[in-house]
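For reference, the structure is listed below as C-alpha cells.
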Amino acid sequence: MKRPLPIVLWLCCLLTGCIPMRMAVGKRIDGVVVDVETRAPIAGAHVMYQRRSGTIVMTDSQGEFTLERQVVTFWHPLLPVDYFGLYHHPVLVCAPGYKSKIFRPRAQPEPESVRVELAAHR
C-alpha cells in the first residue's frame, strides 16, 4: 500500500494558500498630504500599501498623490478578503521630519479621495 503523505502535503499547501498567489491589493486612492498645524502641503512624502514597498509613490509639490490598485504576489497562509473580494491593505504615509501615519481605506471598491495630516516630530 502506498503512503498518502505526498498527496496530503500537497493538499495542505493548496488548501492553506501556501503557494504563490497573484492578487490585487487595494484600490485607487487620490489624496493630499498636509502638515497638521500649518495645513501646508508636504512634497516628497512616501505613500504605499503597508509592507508592500513595490507600491510606493511620492507626493508632488502640492502634496498630492495617486496610489493605484496593485497586483502583487503573496506567500501567506491566510488571505483576508472582504465581501467585495478586494484585499484592503493599510496605507502607510511617511515624510522626513514627520511622524508616520497608517490608515485603512473604506471597504467600498470605488476610488477614494483622502486628506492625510502628518504631525511634525518634536
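In the C-alpha cells, each chain is lettered A, B, ... as it comes, each chain's residues begin at 1, and ligands are numbered from 1 in order of appearance.
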
I'd like the contact shell of Pro96 (chain A) - 9 Å cut-off, only C-alpha atoms, skipping same-chain residues fewer than 4 positions apart - returned as a PyMOL selection string.
chain A and resi 44-45+120

Export of prior selection with C-alpha atoms as a PDB file, in the first residue's frame:
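Written file, again19.pdb:
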```pdb
ATOM      1  CA  GLY A  44       8.119  64.258  -1.306  1.00  0.00           C
ATOM      2  CA  ALA A  45       6.118  62.232   1.229  1.00  0.00           C
ATOM      3  CA  ALA A 120       5.988  67.103  12.907  1.00  0.00           C
TER       4      ALA A 120
END
```

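Residues surrounding Ile29 (chain A) within 9 Å are Phe65, Thr66, Leu67, Glu68, Arg69, Pro105, Pro111, Glu112, Ser113 and Val114 of chain A [only C-alpha atoms; sequence separation below 5 positions excluded].
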
Output file for the residues above (C-alpha atoms, as a PDB file, in the first residue's frame):
```
ATOM      1  CA  PHE A  65      -0.603  61.598  -4.804  1.00  0.00           C
ATOM      2  CA  THR A  66      -2.374  58.798  -6.628  1.00  0.00           C
ATOM      3  CA  LEU A  67      -1.987  55.272  -5.293  1.00  0.00           C
ATOM      4  CA  GLU A  68      -3.189  52.797  -7.894  1.00  0.00           C
ATOM      5  CA  ARG A  69      -4.543  49.331  -7.286  1.00  0.00           C
ATOM      6  CA  PRO A 105      -9.229  52.732   3.055  1.00  0.00           C
ATOM      7  CA  PRO A 111     -11.898  55.112  -5.906  1.00  0.00           C
ATOM      8  CA  GLU A 112     -11.440  57.190  -2.794  1.00  0.00           C
ATOM      9  CA  SER A 113     -10.120  60.690  -2.029  1.00  0.00           C
ATOM     10  CA  VAL A 114      -8.327  61.242   1.266  1.00  0.00           C
TER      11      VAL A 114
END
```

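With only C-alpha atoms as the atoms that count, the minimum distance from Asp30 (chain A) to the choices A:Arg115, A:Arg106, A:Arg122, A:Arg52 is reached by A:Arg115.
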